[in-house]
Amino acid sequence: MKITGLEVLTLPDHGDSMMLVVVDTDEGIHGLGEVGIRSRQRAVAGGLEHLAELIVGEDPRRIEHLWQVMFRRGFFPADRILGAAIAAVDVALWDIRGKALGVPVHELLGGRVRDHVPAYVHVGDGYHDRAWFLDRCRDLVAEGWRHLRFASPHDADGTLDARRCLRDSVDLFHQVRDAVGDEVELILDVHTRLDPPEAVTLCREIEAARPYFVEDPLRCENPDSYRMLRARTGVPLAAGEQYGSKWEFRTLIEGDFIDYARVDVGVAAGLTEAKKIAAMAETHHIKLATHNPLGPVTAASSLQLNLACPNVAIQEHQTDPDPAIAALFTARPTILPGRVEPSELPGIGVDIDREAARRYQAAAAERPHLRTADGAFTNW
């Protein structure tokens with residue numbers, strides 16, 4: 001079997017762009033992957049053009065070999081942008097391998113270790129209407145969700161005052177806890193918006209409300225900064241969605257700075273690398289909480305990983321695609337309130353009507369631009 005080509009599909013998704021990669025072979029078997037970065041997609045597209053030159057004509061079954069070629073060839077190792085391109089190709093190669101053998105990918109990763117994968121849901125960004133937001137939380141619980149995720153508030157005009165964000169986050173978290181009771185797990189995503197002093201205070205102020213974890217309380221560029229936060233709070237910490245390889249996860253894992261590794265299969269160089277990160281995390285009793293605010297392809301590949309790894313806590317689920325886009329997928333994961341069901345379809349368990357998908361061309365939405373009160377740029 002030989003790889004004959006690589007095709008990129010860009011589909012609209014709630015005002016954004018879903019970037020998919022299809023790898024074709026000379027035996028008529030194709031694989032599907034997804035780019036996990038929904039910004040700077042033109043840079044990723046350039047990376048994919050380069051990767052195509054490396055892999056066309058190669059045997060798609062040599063997944064580890066091709067991963068090493070894609071990541072290390074050219075002397076400079078891959079960064080997060082190229083890592084996201086590699087991730088999409090790598091998942092597509094696993095999809096091909098599973099389809100060629102007639103088995104789901106989790107069987108190739110060691111077989112199922114669980115009957116389903118627990119999942120959490122996004123509440124949404126309507127926190128400025130507090131009554132609506134709390135009703136939304138109650139409605140999701142009534143539907144059957146037992147893990148709710150929401151983000152630290154910022155002003156509606158795009159201003160982020162760190163001290164006000166701290167106060168609002170603490171207030172919101174306690175209100176949600178009172179609204180849904182003690183049996184529902186709550187996840188607060190700080191979205192890397194705070195500096196260490198505010199992050200420490202925030203974590204301490206919500207400890208009594210027992211968060212499932214606090215996600216990305218600090219920026220990711222210096223993972224050693226979590227050493228300080230770890231020493232000054234007792235809340236479970238989660239980070240890693242912006243990391244593109246095991247090398248970037250190394251400091252967080254070896255320092256025992258986090259409790260949950262936010263591995264994104266579409267960013268962290270694919271299933272080949274994610275499985276290795278999971279093994280590193282297991283040696284430190286760190287569980288996976290896979291990052292997936294994306295589409296059905298990443299949901300499917302995350303499911304395959306999580307079915308086969310022993311140290312998995314939960315999988316992220318945001319929203320389904322728009323109905324017209326969802327209809328393009330001829331197979332996709334079954335997501336129920338609170339869980340993702342296993343699939344016995346060969347490959348990663350998702351496929352698409354490629355001819356129909358080619359009719360769409362979407363551009364990635366610009367990320368929100370937050371600023372501080374004095375006009376300086378700050379993290380979204």
# chains A, B, ... in the order shown; residues from 1 in each chain; ligands from 1
>>> select_by_dssp(residues="region 122-317 of chain A", states="helix (DSSP H, G or I)", output="VMD selection string")
chain A and resid 130 to 143 162 to 180 196 to 205 207 to 209 223 to 232 246 to 254 270 to 282 296 to 308
>>> residues_around(residues="Pro217 (chain A)", least_positions_apart="4", cutoff="6 Å", atoms="only C-alpha atoms", output="PyMOL selection string")
chain A and resi 190+192+199
>>> closest_residue(among="A:Ile277, A:Val263, A:Ala299, A:Val56", to="Thr319 (chain A)", atoms="only C-alpha atoms")
A:Ala299
>>> closest_residue(among="A:Val340, A:Ile86, A:Met70, A:Met18", to="His317 (chain A)", atoms="only C-alpha atoms")
A:Val340
>>> residues_around(residues="Arg232 (chain A)", least_positions_apart="5", cutoff="9 Å", atoms="only C-alpha atoms", output="mmCIF file with N, CA and C atoms, in the first residue's frame")
data_model
loop_
_atom_site.group_PDB
_atom_site.id
_atom_site.type_symbol
_atom_site.label_atom_id
_atom_site.label_comp_id
_atom_site.auth_asym_id
_atom_site.auth_seq_id
_atom_site.Cartn_x
_atom_site.Cartn_y
_atom_site.Cartn_z
ATOM 1 N N VAL A 200 -3.517 32.314 42.120
ATOM 2 C CA VAL A 200 -3.417 31.724 43.459
ATOM 3 C C VAL A 200 -4.660 32.051 44.279
ATOM 4 N N CYS A 203 -7.825 30.136 42.982
ATOM 5 C CA CYS A 203 -7.841 28.717 43.355
ATOM 6 C C CYS A 203 -8.158 28.528 44.833
ATOM 7 N N ARG A 204 -7.589 29.375 45.671
ATOM 8 C CA ARG A 204 -7.855 29.259 47.111
ATOM 9 C C ARG A 204 -9.310 29.581 47.441
ATOM 10 N N ARG A 227 4.888 25.286 39.308
ATOM 11 C CA ARG A 227 5.505 24.842 40.561
ATOM 12 C C ARG A 227 5.025 25.701 41.726
#
>>> closest_atom_pairs(of="region 56-167 of chain A", to="region 283-294 of chain A", cutoff="10 Å", atoms="only C-alpha atoms", output="JSON lines")
{"residue": "A:Pro118", "atom": "CA", "partner": "A:Ala289", "partner_atom": "CA", "distance": 9.7}
{"residue": "A:Ala119", "atom": "CA", "partner": "A:Ala289", "partner_atom": "CA", "distance": 9.1}
{"residue": "A:Tyr120", "atom": "CA", "partner": "A:Ala289", "partner_atom": "CA", "distance": 9.6}
{"residue": "A:Val121", "atom": "CA", "partner": "A:Pro293", "partner_atom": "CA", "distance": 9.6}
{"residue": "A:His122", "atom": "CA", "partner": "A:Pro293", "partner_atom": "CA", "distance": 8.9}
>>> write_last_selection(atoms="all heavy atoms", output="short mmCIF file (atom, residue, chain, number, x, y, z; two decimals), in the first residue's frame")
data_model
loop_
_atom_site.label_atom_id
_atom_site.label_comp_id
_atom_site.auth_asym_id
_atom_site.auth_seq_id
_atom_site.Cartn_x
_atom_site.Cartn_y
_atom_site.Cartn_z
N PRO A 118 -16.36 8.83 29.91
CA PRO A 118 -17.09 9.96 30.50
C PRO A 118 -16.79 11.25 29.75
O PRO A 118 -15.69 11.45 29.23
CB PRO A 118 -16.55 10.01 31.94
CG PRO A 118 -16.01 8.64 32.19
CD PRO A 118 -15.48 8.16 30.88
N ALA A 119 -17.78 12.15 29.71
CA ALA A 119 -17.63 13.40 28.97
C ALA A 119 -18.20 14.56 29.77
O ALA A 119 -19.14 14.39 30.54
CB ALA A 119 -18.32 13.30 27.61
N TYR A 120 -17.63 15.74 29.55
CA TYR A 120 -18.21 16.94 30.13
C TYR A 120 -18.66 17.87 29.02
O TYR A 120 -18.26 17.74 27.87
CB TYR A 120 -17.24 17.64 31.09
CG TYR A 120 -16.02 18.31 30.49
CD1 TYR A 120 -16.10 19.58 29.93
CD2 TYR A 120 -14.77 17.68 30.53
CE1 TYR A 120 -14.98 20.21 29.42
CE2 TYR A 120 -13.65 18.31 30.02
CZ TYR A 120 -13.76 19.57 29.46
OH TYR A 120 -12.65 20.19 28.95
N VAL A 121 -19.50 18.83 29.37
CA VAL A 121 -20.12 19.70 28.39
C VAL A 121 -19.85 21.16 28.75
O VAL A 121 -19.70 21.51 29.93
CB VAL A 121 -21.65 19.44 28.31
CG1 VAL A 121 -22.34 19.86 29.60
CG2 VAL A 121 -22.27 20.13 27.11
N HIS A 122 -19.79 22.01 27.73
CA HIS A 122 -19.65 23.46 27.94
C HIS A 122 -21.01 24.06 28.29
O HIS A 122 -22.00 23.80 27.61
CB HIS A 122 -19.14 24.14 26.68
CG HIS A 122 -17.71 23.83 26.36
ND1 HIS A 122 -16.92 24.68 25.64
CD2 HIS A 122 -16.93 22.77 26.66
CE1 HIS A 122 -15.71 24.16 25.50
NE2 HIS A 122 -15.70 22.99 26.11
#
>>> closest_atom_pairs(of="region 88-156 of chain A", to="region 19-36 of chain A", cutoff="9 Å", atoms="only C-alpha atoms", output="Markdown table")
| residue | atom | partner | partner_atom | distance |
| --- | --- | --- | --- | --- |
| A:Ala88 | CA | A:Gly33 | CA | 4.2 |
| A:Val89 | CA | A:Gly33 | CA | 6.0 |
| A:Asp90 | CA | A:Gly33 | CA | 7.4 |
| A:Val91 | CA | A:Gly33 | CA | 5.1 |
| A:Ala92 | CA | A:Gly31 | CA | 4.1 |
| A:Leu93 | CA | A:Gly31 | CA | 6.0 |
| A:Trp94 | CA | A:Gly31 | CA | 7.4 |
| A:Asp95 | CA | A:Gly31 | CA | 4.9 |
| A:Ile96 | CA | A:Gly31 | CA | 4.7 |
| A:Arg97 | CA | A:Gly31 | CA | 8.4 |
| A:Lys99 | CA | A:Ile29 | CA | 7.3 |
| A:Ala100 | CA | A:Ile29 | CA | 7.2 |
>>> atom_distance(atom1="CA of Ala365 (chain A)", atom2="CA of Val44 (chain A)")
14.5 Å
>>> residues_around(residues="Gly158 (chain A)", least_positions_apart="3", cutoff="12 Å", atoms="only C-alpha atoms", output="PyMOL selection string")
chain A and resi 153-155+161+165+367-373+375-380
>>> write_last_selection(atoms="all heavy atoms", output="tab-separated table (two decimals), in the first residue's frame")
chain	number	residue	atom	x	y	z
A	153	PRO	N	-15.10	34.81	33.62
A	153	PRO	CA	-15.75	35.91	32.89
A	153	PRO	C	-14.78	37.03	32.50
A	153	PRO	O	-13.78	37.28	33.17
A	153	PRO	CB	-16.78	36.43	33.89
A	153	PRO	CG	-16.93	35.35	34.93
A	153	PRO	CD	-15.59	34.69	35.00
A	154	HIS	N	-15.10	37.69	31.40
A	154	HIS	CA	-14.48	38.96	31.07
A	154	HIS	C	-15.59	39.92	30.68
A	154	HIS	O	-16.73	39.52	30.45
A	154	HIS	CB	-13.45	38.81	29.94
A	154	HIS	CG	-14.02	38.26	28.66
A	154	HIS	ND1	-14.75	39.02	27.78
A	154	HIS	CD2	-13.96	37.02	28.12
A	154	HIS	CE1	-15.12	38.28	26.75
A	154	HIS	NE2	-14.67	37.06	26.93
A	155	ASP	N	-15.29	41.21	30.59
A	155	ASP	CA	-16.31	42.20	30.29
A	155	ASP	C	-16.85	42.01	28.88
A	155	ASP	O	-16.14	41.56	27.97
A	155	ASP	CB	-15.74	43.62	30.44
A	155	ASP	CG	-15.45	43.97	31.89
A	155	ASP	OD1	-15.80	43.16	32.78
A	155	ASP	OD2	-14.85	45.04	32.13
A	161	ASP	N	-10.13	42.93	33.22
A	161	ASP	CA	-9.50	43.43	34.43
A	161	ASP	C	-9.24	42.23	35.33
A	161	ASP	O	-10.18	41.56	35.77
A	161	ASP	CB	-10.42	44.44	35.12
A	161	ASP	CG	-9.82	45.00	36.39
A	161	ASP	OD1	-9.70	44.23	37.37
A	161	ASP	OD2	-9.48	46.19	36.42
A	165	CYS	N	-11.98	39.98	37.12
A	165	CYS	CA	-12.13	38.60	36.63
A	165	CYS	C	-12.02	37.62	37.78
A	165	CYS	O	-12.79	36.66	37.87
A	165	CYS	CB	-11.07	38.31	35.58
A	165	CYS	SG	-11.07	36.62	34.96
A	367	ARG	N	-9.59	34.98	16.59
A	367	ARG	CA	-9.85	34.82	18.02
A	367	ARG	C	-10.21	36.18	18.63
A	367	ARG	O	-9.75	37.23	18.15
A	367	ARG	CB	-8.64	34.27	18.75
A	367	ARG	CG	-8.12	32.94	18.25
A	367	ARG	CD	-9.14	31.83	18.32
A	367	ARG	NE	-9.80	31.62	17.04
A	367	ARG	CZ	-10.73	30.70	16.81
A	367	ARG	NH1	-11.12	29.90	17.77
A	367	ARG	NH2	-11.28	30.59	15.62
A	368	PRO	N	-11.00	36.19	19.70
A	368	PRO	CA	-11.31	37.47	20.36
A	368	PRO	C	-10.04	38.17	20.83
A	368	PRO	O	-9.07	37.52	21.24
A	368	PRO	CB	-12.18	37.03	21.55
A	368	PRO	CG	-12.78	35.73	21.13
A	368	PRO	CD	-11.72	35.06	20.31
A	369	HIS	N	-10.04	39.49	20.76
A	369	HIS	CA	-8.91	40.29	21.21
A	369	HIS	C	-9.30	40.96	22.53
A	369	HIS	O	-10.07	41.93	22.55
A	369	HIS	CB	-8.56	41.36	20.18
A	369	HIS	CG	-8.05	40.80	18.89
A	369	HIS	ND1	-7.69	41.60	17.82
A	369	HIS	CD2	-7.83	39.53	18.49
A	369	HIS	CE1	-7.27	40.84	16.82
A	369	HIS	NE2	-7.36	39.58	17.20
A	370	LEU	N	-8.78	40.45	23.63
A	370	LEU	CA	-9.04	41.08	24.93
A	370	LEU	C	-7.95	42.09	25.23
A	370	LEU	O	-6.80	41.95	24.79
A	370	LEU	CB	-9.08	40.02	26.04
A	370	LEU	CG	-10.17	38.95	25.96
A	370	LEU	CD1	-10.23	38.15	27.26
A	370	LEU	CD2	-11.53	39.54	25.64
A	371	ARG	N	-8.32	43.10	25.98
A	371	ARG	CA	-7.36	44.12	26.39
A	371	ARG	C	-7.57	44.43	27.86
A	371	ARG	O	-8.66	44.21	28.41
A	371	ARG	CB	-7.54	45.39	25.55
A	371	ARG	CG	-8.89	46.04	25.73
A	371	ARG	CD	-9.09	47.22	24.79
A	371	ARG	NE	-10.37	47.89	25.05
A	371	ARG	CZ	-11.55	47.46	24.63
A	371	ARG	NH1	-11.63	46.36	23.92
A	371	ARG	NH2	-12.65	48.13	24.92
A	372	THR	N	-6.54	44.91	28.49
A	372	THR	CA	-6.67	45.36	29.87
A	372	THR	C	-7.26	46.77	29.87
A	372	THR	O	-7.43	47.39	28.82
A	372	THR	CB	-5.31	45.36	30.57
A	372	THR	OG1	-4.40	46.20	29.85
A	372	THR	CG2	-4.72	43.95	30.61
A	373	ALA	N	-7.56	47.27	31.06
A	373	ALA	CA	-8.22	48.57	31.17
A	373	ALA	C	-7.38	49.69	30.58
A	373	ALA	O	-7.90	50.73	30.14
A	373	ALA	CB	-8.55	48.86	32.63
A	375	GLY	N	-5.58	49.40	27.88
A	375	GLY	CA	-5.47	49.21	26.45
A	375	GLY	C	-4.45	48.20	26.00
A	375	GLY	O	-4.29	47.96	24.79
A	376	ALA	N	-3.73	47.56	26.93
A	376	ALA	CA	-2.72	46.57	26.55
A	376	ALA	C	-3.39	45.26	26.11
A	376	ALA	O	-4.44	44.87	26.63
A	376	ALA	CB	-1.78	46.31	27.72
A	377	PHE	N	-2.75	44.57	25.17
A	377	PHE	CA	-3.26	43.27	24.71
A	377	PHE	C	-3.07	42.24	25.81
A	377	PHE	O	-2.06	42.22	26.52
A	377	PHE	CB	-2.49	42.84	23.46
A	377	PHE	CG	-2.95	41.53	22.89
A	377	PHE	CD1	-4.04	41.45	22.05
A	377	PHE	CD2	-2.31	40.34	23.24
A	377	PHE	CE1	-4.47	40.24	21.53
A	377	PHE	CE2	-2.72	39.12	22.73
A	377	PHE	CZ	-3.81	39.07	21.86
A	378	THR	N	-4.06	41.34	25.96
A	378	THR	CA	-3.93	40.27	26.94
A	378	THR	C	-4.56	39.01	26.40
A	378	THR	O	-5.26	39.01	25.38
A	378	THR	CB	-4.57	40.67	28.29
A	378	THR	OG1	-4.22	39.71	29.29
A	378	THR	CG2	-6.09	40.74	28.17
A	379	ASN	N	-4.33	37.89	27.08
A	379	ASN	CA	-4.78	36.59	26.59
A	379	ASN	C	-6.29	36.51	26.55
A	379	ASN	O	-6.99	36.96	27.47
A	379	ASN	CB	-4.23	35.46	27.46
A	379	ASN	CG	-2.85	35.02	27.05
A	379	ASN	OD1	-2.12	35.76	26.40
A	379	ASN	ND2	-2.48	33.81	27.40
A	380	TRP	N	-6.80	35.84	25.52
A	380	TRP	CA	-8.24	35.57	25.41
A	380	TRP	C	-8.59	34.38	26.30
A	380	TRP	O	-8.05	33.32	26.20
A	380	TRP	CB	-8.56	35.29	23.93
A	380	TRP	CG	-9.87	34.59	23.75
A	380	TRP	CD1	-11.09	34.99	24.21
A	380	TRP	CD2	-10.08	33.36	23.07
A	380	TRP	NE1	-12.06	34.08	23.86
A	380	TRP	CE2	-11.46	33.06	23.16
A	380	TRP	CE3	-9.26	32.46	22.41
A	380	TRP	CZ2	-12.03	31.90	22.59
A	380	TRP	CZ3	-9.81	31.33	21.83
A	380	TRP	CH2	-11.17	31.06	21.95
>>> closest_residue(among="A:Gly83, A:Gly5, A:Pro333, A:Pro196", to="Asp224 (chain A)", atoms="only C-alpha atoms")
A:Pro196
>>> select_by_dssp(residues="region 221-350 of chain A", states="strand (DSSP E or B)", output="list of chain:residue names")
A:Leu237, A:Ala238, A:Ala239, A:Tyr260, A:Ala261, A:Lys287, A:Leu288, A:Ala289, A:Thr290, A:Val312, A:Ala313, A:Ile314, A:Gln315, A:Glu316, A:His317, A:Phe329, A:Thr330, A:Ala331, A:Ile335, A:Leu336, A:Arg339, A:Val340, A:Gly347
>>> closest_residue(among="A:Ile187, A:Ala269, A:Ala363, A:Val350", to="Pro77 (chain A)", atoms="only C-alpha atoms")
A:Ala269
>>> residues_around(residues="Asp79 (chain A)", least_positions_apart="5", cutoff="10 Å", atoms="only C-alpha atoms", output="PyMOL selection string")
chain A and resi 71+84-85+243-245+248+267-269
>>> closest_residue(among="A:Gly111, A:Gly338, A:Pro211, A:Gly347", to="Trp145 (chain A)", atoms="only C-alpha atoms")
A:Gly338
>>> residues_around(residues="Arg163 (chain A)", least_positions_apart="5", cutoff="9 Å", atoms="only C-alpha atoms", output="ChimeraX atom specification")
/A:168,194,198
>>> closest_residue(among="A:Leu202, A:Thr159, A:Ala179, A:Asp115", to="Arg136 (chain A)", atoms="only C-alpha atoms")
A:Ala179
>>> atom_distance(atom1="CA of Gly98 (chain A)", atom2="CA of Gln304 (chain A)")
11.0 Å
